>>> print(open('upload.cif').read())   # mmCIF, C-alpha atoms
data_model
loop_
_atom_site.label_atom_id
_atom_site.label_comp_id
_atom_site.auth_asym_id
_atom_site.auth_seq_id
_atom_site.Cartn_x
_atom_site.Cartn_y
_atom_site.Cartn_z
CA MET A 1 101.49 77.99 75.96
CA GLN A 2 105.27 78.28 75.95
CA MET A 3 106.68 78.43 79.43
CA THR A 4 108.76 81.46 78.49
CA THR A 5 105.83 83.60 77.32
CA PRO A 6 104.75 85.71 80.27
CA PRO A 7 101.02 85.69 81.07
CA PRO A 8 99.12 88.95 80.61
CA THR A 9 99.03 91.58 83.33
CA ARG A 10 95.39 92.15 84.21
CA ILE A 11 94.34 95.52 85.54
CA ALA A 12 90.93 95.88 87.16
CA LYS A 13 89.54 99.28 88.00
CA ASP A 14 87.42 99.92 91.03
CA LEU A 15 87.05 103.60 90.37
CA ALA A 16 84.35 104.21 92.96
CA ASN A 17 86.93 103.31 95.59
CA ARG A 18 89.91 104.81 93.68
CA LYS A 19 91.45 101.38 93.47
CA LEU A 20 93.47 99.79 90.73
CA ILE A 21 94.09 96.07 91.02
CA VAL A 22 96.99 94.50 89.14
CA GLN A 23 97.03 90.72 88.81
CA ARG A 24 99.75 88.63 87.20
CA THR A 25 100.99 85.05 87.28
CA PHE A 26 104.73 84.36 87.33
CA PHE A 27 106.48 81.17 86.28
CA GLY A 28 108.27 80.67 89.53
CA PRO A 29 107.63 79.05 92.91
CA ILE A 30 106.10 81.23 95.60
CA ASP A 31 109.27 81.34 97.71
CA LEU A 32 111.21 82.77 94.80
CA VAL A 33 108.55 85.33 93.83
CA TRP A 34 108.24 86.36 97.47
CA ARG A 35 111.99 86.89 97.70
CA ALA A 36 111.99 88.98 94.51
CA TRP A 37 109.39 91.22 96.15
CA THR A 38 110.90 91.43 99.60
CA GLU A 39 114.71 91.23 99.36
CA LYS A 40 116.16 94.58 98.53
CA ASP A 41 118.91 93.34 96.19
CA LEU A 42 116.31 91.55 94.10
CA LEU A 43 113.64 94.22 94.39
CA GLU A 44 116.06 96.85 93.07
CA GLN A 45 116.55 94.83 89.91
CA TRP A 46 112.99 95.13 88.71
CA TRP A 47 111.07 97.78 90.65
CA ALA A 48 112.05 100.83 88.59
CA PRO A 49 110.79 100.99 85.01
CA LYS A 50 113.74 101.32 82.66
CA PRO A 51 115.58 103.61 82.15
CA PHE A 52 115.09 104.49 85.83
CA LYS A 53 116.98 102.57 88.52
CA ALA A 54 115.78 101.92 92.05
CA VAL A 55 118.56 102.63 94.58
CA THR A 56 118.06 101.76 98.25
CA LYS A 57 119.06 104.10 101.04
CA SER A 58 117.68 101.96 103.86
CA TYR A 59 115.68 98.78 103.96
CA ASP A 60 113.94 97.09 106.85
CA PHE A 61 111.40 94.48 105.82
CA ARG A 62 109.38 93.96 108.96
CA GLU A 63 106.06 95.24 110.27
CA GLY A 64 106.62 98.92 111.06
CA GLY A 65 109.78 98.99 108.95
CA HIS A 66 110.29 100.84 105.71
CA TRP A 67 112.10 100.97 102.40
CA LEU A 68 113.65 104.34 101.64
CA TYR A 69 114.86 104.50 98.07
CA TYR A 70 115.17 106.75 95.10
CA MET A 71 114.43 106.44 91.46
CA LEU A 72 117.57 107.42 89.59
CA GLY A 73 116.69 108.98 86.28
CA PRO A 74 118.78 108.73 83.10
CA ASP A 75 119.68 112.42 83.57
CA GLY A 76 120.98 111.73 87.11
CA SER A 77 117.87 113.09 88.81
CA LYS A 78 116.82 111.44 92.06
CA MET A 79 113.27 111.08 93.23
CA PHE A 80 113.01 109.73 96.75
CA ALA A 81 110.17 107.55 97.91
CA CYS A 82 109.40 105.60 101.04
CA PHE A 83 107.38 102.43 101.42
CA ASN A 84 106.12 101.70 104.95
CA PHE A 85 105.45 98.06 105.73
CA HIS A 86 102.34 97.62 107.87
CA THR A 87 101.51 93.93 108.03
CA ILE A 88 103.53 90.98 106.75
CA GLN A 89 102.43 87.37 106.36
CA PRO A 90 105.43 85.49 104.94
CA GLN A 91 104.76 84.12 101.45
CA ARG A 92 101.11 85.18 101.76
CA GLY A 93 101.15 88.93 101.48
CA PHE A 94 102.00 92.31 102.90
CA THR A 95 100.38 95.72 103.21
CA GLY A 96 101.76 99.20 103.42
CA ASP A 97 101.67 102.70 102.08
CA ASP A 98 104.10 104.74 100.12
CA PHE A 99 104.76 108.41 99.55
CA PHE A 100 107.29 110.73 98.04
CA CYS A 101 109.77 112.22 100.44
CA ASP A 102 113.11 113.98 100.71
CA GLU A 103 116.45 112.19 101.03
CA ASN A 104 115.94 111.79 104.78
CA GLY A 105 112.59 110.11 104.34
CA VAL A 106 110.66 113.17 105.47
CA ARG A 107 107.32 113.13 103.77
CA THR A 108 106.73 115.90 101.28
CA ASP A 109 103.09 116.83 101.68
CA LEU A 110 102.86 117.84 98.06
CA TYR A 111 102.55 114.26 96.95
CA PRO A 112 100.27 112.15 99.08
CA GLY A 113 100.72 108.45 98.54
CA MET A 114 98.93 105.22 97.96
CA ALA A 115 97.83 102.32 100.15
CA TRP A 116 99.04 98.88 99.05
CA LYS A 117 97.84 95.34 99.61
CA ASN A 118 99.96 92.69 97.88
CA GLU A 119 98.85 89.06 97.91
CA PHE A 120 100.74 85.95 96.77
CA ARG A 121 99.05 82.67 95.90
CA PRO A 122 100.45 79.42 94.48
CA VAL A 123 98.78 78.39 91.21
CA PRO A 124 99.55 75.42 88.90
CA GLU A 125 101.70 77.62 86.59
CA GLY A 126 103.64 79.22 89.42
CA THR A 127 102.63 82.15 91.60
CA GLU A 128 99.80 84.61 91.23
CA VAL A 129 100.43 88.10 92.59
CA THR A 130 97.58 90.53 93.22
CA VAL A 131 98.52 94.14 93.89
CA ASP A 132 95.72 96.32 95.18
CA VAL A 133 96.58 100.02 95.11
CA THR A 134 94.27 102.64 96.59
CA PHE A 135 94.85 106.26 95.69
CA GLN A 136 93.75 108.90 98.13
CA SER A 137 92.36 111.06 95.37
CA GLU A 138 92.28 111.52 91.68
CA ALA A 139 94.87 114.24 92.12
CA ASP A 140 97.39 111.70 93.52
CA LEU A 141 97.37 109.69 90.36
CA GLN A 142 97.73 112.78 88.25
CA ARG A 143 100.67 114.05 90.29
CA ILE A 144 102.50 110.75 90.05
CA VAL A 145 102.24 110.93 86.29
CA GLU A 146 103.32 114.56 86.29
CA LEU A 147 106.44 113.72 88.30
CA GLY A 148 108.28 112.71 85.21
CA PHE A 149 107.40 109.08 84.96
CA GLU A 150 105.62 109.86 81.78
CA GLU A 151 108.79 110.08 79.73
CA GLY A 152 110.17 107.00 81.40
CA PHE A 153 107.05 105.03 80.62
CA THR A 154 107.11 106.01 76.98
CA MET A 155 110.72 104.92 76.68
CA ALA A 156 110.00 101.81 78.68
CA HIS A 157 107.28 100.83 76.29
CA GLY A 158 109.86 100.38 73.51
CA ASN A 159 112.04 98.23 75.79
CA LEU A 160 109.02 96.17 76.69
CA ASP A 161 108.26 95.36 73.07
CA GLU A 162 111.86 94.21 72.56
CA LEU A 163 111.81 92.06 75.66
CA LEU A 164 108.52 90.53 74.72
CA ALA A 165 109.85 89.72 71.26
CA GLN A 166 112.80 87.91 72.84
CA HIS A 167 110.42 85.80 74.87
CA ARG A 168 108.51 84.51 71.86
CA MET B 169 81.43 125.20 104.31
CA SER B 170 80.61 124.89 100.66
CA PRO B 171 77.21 123.28 99.99
CA LYS B 172 78.73 121.76 96.86
CA ALA B 173 80.81 118.75 97.87
CA ARG B 174 83.82 118.34 95.66
CA ARG B 175 84.04 114.98 94.01
CA ASP B 176 86.43 113.70 91.41
CA ILE B 177 86.26 112.16 88.00
CA PHE B 178 86.52 108.61 89.35
CA GLN B 179 83.20 108.97 91.11
CA ALA B 180 81.73 110.33 87.90
CA ILE B 181 82.51 107.19 85.94
CA ALA B 182 81.99 104.63 88.70
CA ASP B 183 78.24 104.33 88.05
CA PRO B 184 76.90 102.64 84.87
CA THR B 185 74.04 105.14 84.40
CA ARG B 186 76.48 108.03 84.72
CA ARG B 187 78.78 106.39 82.19
CA ALA B 188 75.83 106.18 79.80
CA ILE B 189 74.94 109.84 80.45
CA ILE B 190 78.56 110.82 79.83
CA SER B 191 78.71 108.88 76.57
CA LEU B 192 75.64 110.79 75.33
CA LEU B 193 76.84 114.19 76.54
CA VAL B 194 80.28 113.72 74.98
CA LEU B 195 78.58 113.49 71.58
CA GLN B 196 76.19 116.41 71.94
CA ALA B 197 74.80 119.02 74.29
CA MET B 198 71.41 117.98 75.67
CA THR B 199 68.70 119.35 77.92
CA PRO B 200 67.85 117.30 81.02
CA ASN B 201 64.51 116.30 79.45
CA ALA B 202 66.06 115.13 76.19
CA LEU B 203 68.63 113.21 78.20
CA ALA B 204 66.03 111.53 80.42
CA GLU B 205 64.16 110.23 77.35
CA ASN B 206 67.10 107.88 76.76
CA PHE B 207 66.71 106.17 80.12
CA SER B 208 64.07 104.08 81.83
CA VAL B 209 64.93 105.51 85.26
CA SER B 210 63.01 108.50 86.60
CA ARG B 211 63.72 112.05 85.56
CA GLN B 212 64.51 112.62 89.24
CA ALA B 213 67.24 109.97 89.16
CA ILE B 214 68.75 111.51 86.04
CA SER B 215 68.78 114.92 87.72
CA LYS B 216 70.65 113.42 90.64
CA HIS B 217 73.25 111.92 88.32
CA ILE B 218 73.62 115.25 86.54
CA ARG B 219 74.19 116.95 89.88
CA ILE B 220 76.92 114.44 90.77
CA LEU B 221 78.56 114.87 87.38
CA ASP B 222 78.47 118.63 87.91
CA GLU B 223 80.11 118.22 91.34
CA CYS B 224 82.76 116.10 89.70
CA GLY B 225 83.52 118.99 87.39
CA ILE B 226 82.95 116.82 84.36
CA ILE B 227 80.04 118.60 82.72
CA GLU B 228 79.59 122.08 81.41
CA CYS B 229 76.22 123.77 81.21
CA ARG B 230 75.02 126.49 78.91
CA HIS B 231 71.80 128.47 79.15
CA GLN B 232 69.90 129.10 75.99
CA GLY B 233 66.67 131.00 76.59
CA ARG B 234 64.87 129.06 79.30
CA GLU B 235 66.59 125.83 78.43
CA ILE B 236 69.74 124.51 79.99
CA PHE B 237 72.08 122.34 77.93
CA TYR B 238 74.66 119.98 79.39
CA GLN B 239 77.79 118.76 77.69
CA VAL B 240 80.91 116.75 78.59
CA PRO B 241 84.18 118.06 77.08
CA PRO B 242 85.99 114.95 75.72
CA GLU B 243 89.35 115.90 77.27
CA LYS B 244 87.86 115.30 80.74
CA LEU B 245 87.56 111.59 80.01
CA LYS B 246 90.76 111.31 78.08
CA SER B 247 92.78 112.40 81.08
CA VAL B 248 91.52 109.45 83.13
CA ALA B 249 92.15 106.97 80.35
CA ASP B 250 95.70 108.31 79.96
CA TRP B 251 96.55 107.87 83.64
CA ILE B 252 95.35 104.31 83.67
CA GLU B 253 97.32 103.57 80.51
CA GLN B 254 100.46 104.99 82.18
CA PHE B 255 99.81 102.84 85.20
CA ARG B 256 99.36 99.75 83.05
CA GLN B 257 102.60 100.43 81.19
CA LEU B 258 104.51 100.85 84.44
CA TRP B 259 103.37 97.47 85.73
CA GLU B 260 103.94 95.67 82.45
CA GLN B 261 107.48 97.01 82.35
CA ARG B 262 108.12 96.13 85.97
CA TYR B 263 106.77 92.64 85.58
CA THR B 264 108.71 91.95 82.40
CA GLN B 265 111.81 92.85 84.41
CA LEU B 266 110.65 90.58 87.22
CA ASP B 267 110.12 87.71 84.73
CA ASP B 268 113.72 88.11 83.61
CA LEU B 269 114.95 88.16 87.18
CA LEU B 270 112.99 85.01 88.07
CA LEU B 271 114.49 83.23 85.06
CA GLN B 272 117.98 84.14 86.27
CA LEU B 273 117.25 83.01 89.81
CA LYS B 274 115.55 79.73 89.01
CA PRO B 275 118.62 77.48 88.43
CA LYS B 276 120.17 78.66 91.67
CA THR B 277 117.10 77.86 93.78
CA ASN B 278 116.66 74.50 92.07
CA ALA B 279 120.15 73.62 93.18
CA ASN B 280 119.38 74.80 96.68
CA ASP B 281 115.80 74.49 97.84
CA ASN B 282 116.30 76.42 101.02
CA PRO B 283 114.16 79.55 100.56
CA SER B 284 116.23 81.48 103.06
CA SER B 285 119.36 80.95 100.95
CA ASP B 286 121.15 84.24 100.49
CA ALA B 287 123.31 82.98 97.62
CA ASN B 288 122.04 85.83 95.44
CA CYS B 289 122.59 88.66 97.86
#
>>> encode(input="upload.cif", output="structure tokens")
Amino acid sequence: MQMTTPPPTRIAKDLANRKLIVQRTFFGPIDLVWRAWTEKDLLEQWWAPKPFKAVTKSYDFREGGHWLYYMLGPDGSKMFACFNFHTIQPQRGFTGDDFFCDENGVRTDLYPGMAWKNEFRPVPEGTEVTVDVTFQSEADLQRIVELGFEEGFTMAHGNLDELLAQHR
Amino acid sequence: MSPKARRDIFQAIADPTRRAIISLLVLQAMTPNALAENFSVSRQAISKHIRILDECGIIECRHQGREIFYQVPPEKLKSVADWIEQFRQLWEQRYTQLDDLLLQLKPKTNANDNPSSDANC
């Protein structure tokens, strides 16, 4: 395997518990992958699927802290979201929940969120990251798609193919 | 309080027997008896699965004389598959971006092994 070809992203479904589990290995040491996940300047560079951009309003990575940010759309639209950090074990993992909110971080009840458990593990190739997302209901997942990500994803898919081609 | 607990489509497809029932009822409308003939489990167990599928809002029933026919409209399943595909695409895109970022960061951390370095901030 070429070191520059990214490993596949594996998605496991635990539908009885409304869970989706995303597992991926990255070619980078755990300290670097951890930083990319937990330092806002790095997180902003990859969190939003193109052509969206993640823009931080406030960031406080500690237990009980939160990340208030918005997804800036190509048409200038802003969709605010907040990620609450619950537990943090440096370079091991963190848990939290996220939800859509207004620009002040006030939760908008229309869009209930998801519970997250992110785990980091050193492997021979680099770092394995397991993201465990639990949706409160089927409706949550549907709403998230309806919020306009759909178009972004479709556009992103084209970008992804290009990027993957560059990596070969 | 409604005697009919609302469930969702994820519960419908979480069980292997229900998935098998769905795959039959997507193809054709069947009576409970005809359906049960395809399974080794009891007729009672099949009835229970049908009830759950009904509570999930995934099956439609039609009365014809004394018989009742069940069917699963294909769009009910397609909607779930679509959401998961969207989810997969989001993460693949994100992670491709993260791969690129890690490639950019690597030389800098090799030069300075201190993980708390804020050279990139």
>>> atom_distance(input="upload.cif", atom1="CA of Leu245 in chain B", atom2="CA of Ile220 in chain B")
15.4 Å
>>> resolve_selection(input="upload.cif", expression="the PyMOL selection byres ((chain A and resi 124) around 12)", output="list of chain:residue names")
A:Thr25, A:Phe26, A:Phe27, A:Gly28, A:Pro29, A:Ile30, A:Arg121, A:Pro122, A:Val123, A:Glu125, A:Gly126, A:Thr127, A:Glu128
>>> resolve_selection(input="upload.cif", expression="the PyMOL selection byres ((chain B and resi 269) around 12)", output="VMD selection string")
(chain A and resid 26 to 28 32 to 33 35 to 37 41 to 47) or (chain B and resid 262 to 268 270 to 276 288)
>>> write_last_selection(input="upload.cif", atoms="C-alpha atoms", output="JSON list (two decimals), in the frame of the given file")
[["chain", "number", "residue", "atom", "x", "y", "z"],
["A", 26, "PHE", "CA", 104.73, 84.36, 87.33],
["A", 27, "PHE", "CA", 106.48, 81.17, 86.28],
["A", 28, "GLY", "CA", 108.27, 80.67, 89.53],
["A", 32, "LEU", "CA", 111.21, 82.77, 94.80],
["A", 33, "VAL", "CA", 108.55, 85.33, 93.83],
["A", 35, "ARG", "CA", 111.99, 86.89, 97.70],
["A", 36, "ALA", "CA", 111.99, 88.98, 94.51],
["A", 37, "TRP", "CA", 109.39, 91.22, 96.15],
["A", 41, "ASP", "CA", 118.91, 93.34, 96.19],
["A", 42, "LEU", "CA", 116.31, 91.55, 94.10],
["A", 43, "LEU", "CA", 113.64, 94.22, 94.39],
["A", 44, "GLU", "CA", 116.06, 96.85, 93.07],
["A", 45, "GLN", "CA", 116.55, 94.83, 89.91],
["A", 46, "TRP", "CA", 112.99, 95.13, 88.71],
["A", 47, "TRP", "CA", 111.07, 97.78, 90.65],
["B", 262, "ARG", "CA", 108.12, 96.13, 85.97],
["B", 263, "TYR", "CA", 106.77, 92.64, 85.58],
["B", 264, "THR", "CA", 108.71, 91.95, 82.40],
["B", 265, "GLN", "CA", 111.81, 92.85, 84.41],
["B", 266, "LEU", "CA", 110.65, 90.58, 87.22],
["B", 267, "ASP", "CA", 110.12, 87.71, 84.73],
["B", 268, "ASP", "CA", 113.72, 88.11, 83.61],
["B", 270, "LEU", "CA", 112.99, 85.01, 88.07],
["B", 271, "LEU", "CA", 114.49, 83.23, 85.06],
["B", 272, "GLN", "CA", 117.98, 84.14, 86.27],
["B", 273, "LEU", "CA", 117.25, 83.01, 89.81],
["B", 274, "LYS", "CA", 115.55, 79.73, 89.01],
["B", 275, "PRO", "CA", 118.62, 77.48, 88.43],
["B", 276, "LYS", "CA", 120.17, 78.66, 91.67],
["B", 288, "ASN", "CA", 122.04, 85.83, 95.44]]
>>> closest_residue(input="upload.cif", among="B:His231, B:Cys224, B:Ile218, B:Pro242", to="chain A", atoms="all atoms listed in the file")
B:Cys224
>>> atom_distance(input="upload.cif", atom1="CA of Tyr70 in chain A", atom2="CA of Asp98 in chain A")
12.3 Å
>>> residues_around(input="upload.cif", residues="Lys40 in chain A", least_positions_apart="6", cutoff="12 Å", atoms="only C-alpha atoms", output="list in words")
Trp34, Trp46, Trp47, Ala54, Val55, Thr56, Lys57, Ser58, Tyr59, Asp60, Phe61, His66, Trp67, Leu68 and Tyr69 of chain A; Asp286, Asn288 and Cys289 of chain B
>>> atom_distance(input="upload.cif", atom1="CA of Gly225 in chain B", atom2="CA of Ala213 in chain B")
18.7 Å
>>> resolve_selection(input="upload.cif", expression="the PyMOL selection byres ((chain A and resi 74) around 7)", output="PDB file with C-alpha atoms, in the frame of the given file")
ATOM      1  CA  PRO A  51     115.580 103.610  82.150  1.00  0.00           C
ATOM      2  CA  PHE A  52     115.090 104.490  85.830  1.00  0.00           C
ATOM      3  CA  LEU A  72     117.570 107.420  89.590  1.00  0.00           C
ATOM      4  CA  GLY A  73     116.690 108.980  86.280  1.00  0.00           C
ATOM      5  CA  ASP A  75     119.680 112.420  83.570  1.00  0.00           C
ATOM      6  CA  GLY A  76     120.980 111.730  87.110  1.00  0.00           C
TER       7      GLY A  76
END
>>> residues_around(input="upload.cif", residues="Ile189 in chain B", least_positions_apart="5", cutoff="12 Å", atoms="only C-alpha atoms", output="MDAnalysis selection string")
chainID B and resid 180:181 183:184 194:200 202:207 209 213:221 226:227 238:240
>>> write_last_selection(input="upload.cif", atoms="C-alpha atoms", output="short mmCIF file (atom, residue, chain, number, x, y, z; two decimals), keeping the file's coordinate frame")
data_model
loop_
_atom_site.label_atom_id
_atom_site.label_comp_id
_atom_site.auth_asym_id
_atom_site.auth_seq_id
_atom_site.Cartn_x
_atom_site.Cartn_y
_atom_site.Cartn_z
CA ALA B 180 81.73 110.33 87.90
CA ILE B 181 82.51 107.19 85.94
CA ASP B 183 78.24 104.33 88.05
CA PRO B 184 76.90 102.64 84.87
CA VAL B 194 80.28 113.72 74.98
CA LEU B 195 78.58 113.49 71.58
CA GLN B 196 76.19 116.41 71.94
CA ALA B 197 74.80 119.02 74.29
CA MET B 198 71.41 117.98 75.67
CA THR B 199 68.70 119.35 77.92
CA PRO B 200 67.85 117.30 81.02
CA ALA B 202 66.06 115.13 76.19
CA LEU B 203 68.63 113.21 78.20
CA ALA B 204 66.03 111.53 80.42
CA GLU B 205 64.16 110.23 77.35
CA ASN B 206 67.10 107.88 76.76
CA PHE B 207 66.71 106.17 80.12
CA VAL B 209 64.93 105.51 85.26
CA ALA B 213 67.24 109.97 89.16
CA ILE B 214 68.75 111.51 86.04
CA SER B 215 68.78 114.92 87.72
CA LYS B 216 70.65 113.42 90.64
CA HIS B 217 73.25 111.92 88.32
CA ILE B 218 73.62 115.25 86.54
CA ARG B 219 74.19 116.95 89.88
CA ILE B 220 76.92 114.44 90.77
CA LEU B 221 78.56 114.87 87.38
CA ILE B 226 82.95 116.82 84.36
CA ILE B 227 80.04 118.60 82.72
CA TYR B 238 74.66 119.98 79.39
CA GLN B 239 77.79 118.76 77.69
CA VAL B 240 80.91 116.75 78.59
#
>>> closest_residue(input="upload.cif", among="A:Met79, A:Thr38, A:Lys13, A:Pro49", to="chain B", atoms="all atoms listed in the file")
A:Pro49
>>> residues_near_point(input="upload.cif", point="(93.2, 98.0, 90.0)", cutoff="9 Å", atoms="all atoms listed in the file", output="ChimeraX atom specification")
/A:10-15,18-23,131-134
>>> closest_residue(input="upload.cif", among="A:Gly105, A:His86, A:Phe120, A:Gln91", to="chain B", atoms="only C-alpha atoms")
A:Gln91
>>> closest_residue(input="upload.cif", among="B:Gln261, B:Gln232, B:Thr185, B:Ser208", to="chain A", atoms="all atoms listed in the file")
B:Gln261
>>> axis_aligned_box(input="upload.cif", around="range 59-71 of chain A", padding_each_side="4 Å", output="AutoDock Vina command-line options")
--center_x 110.9 --center_y 100.4 --center_z 101.3 --size_x 17.6 --size_y 20.8 --size_z 27.6
>>> closest_residue(input="upload.cif", among="A:Ala115, A:Val129, A:Ala81, A:Ile88", to="chain B", atoms="all atoms listed in the file")
A:Val129
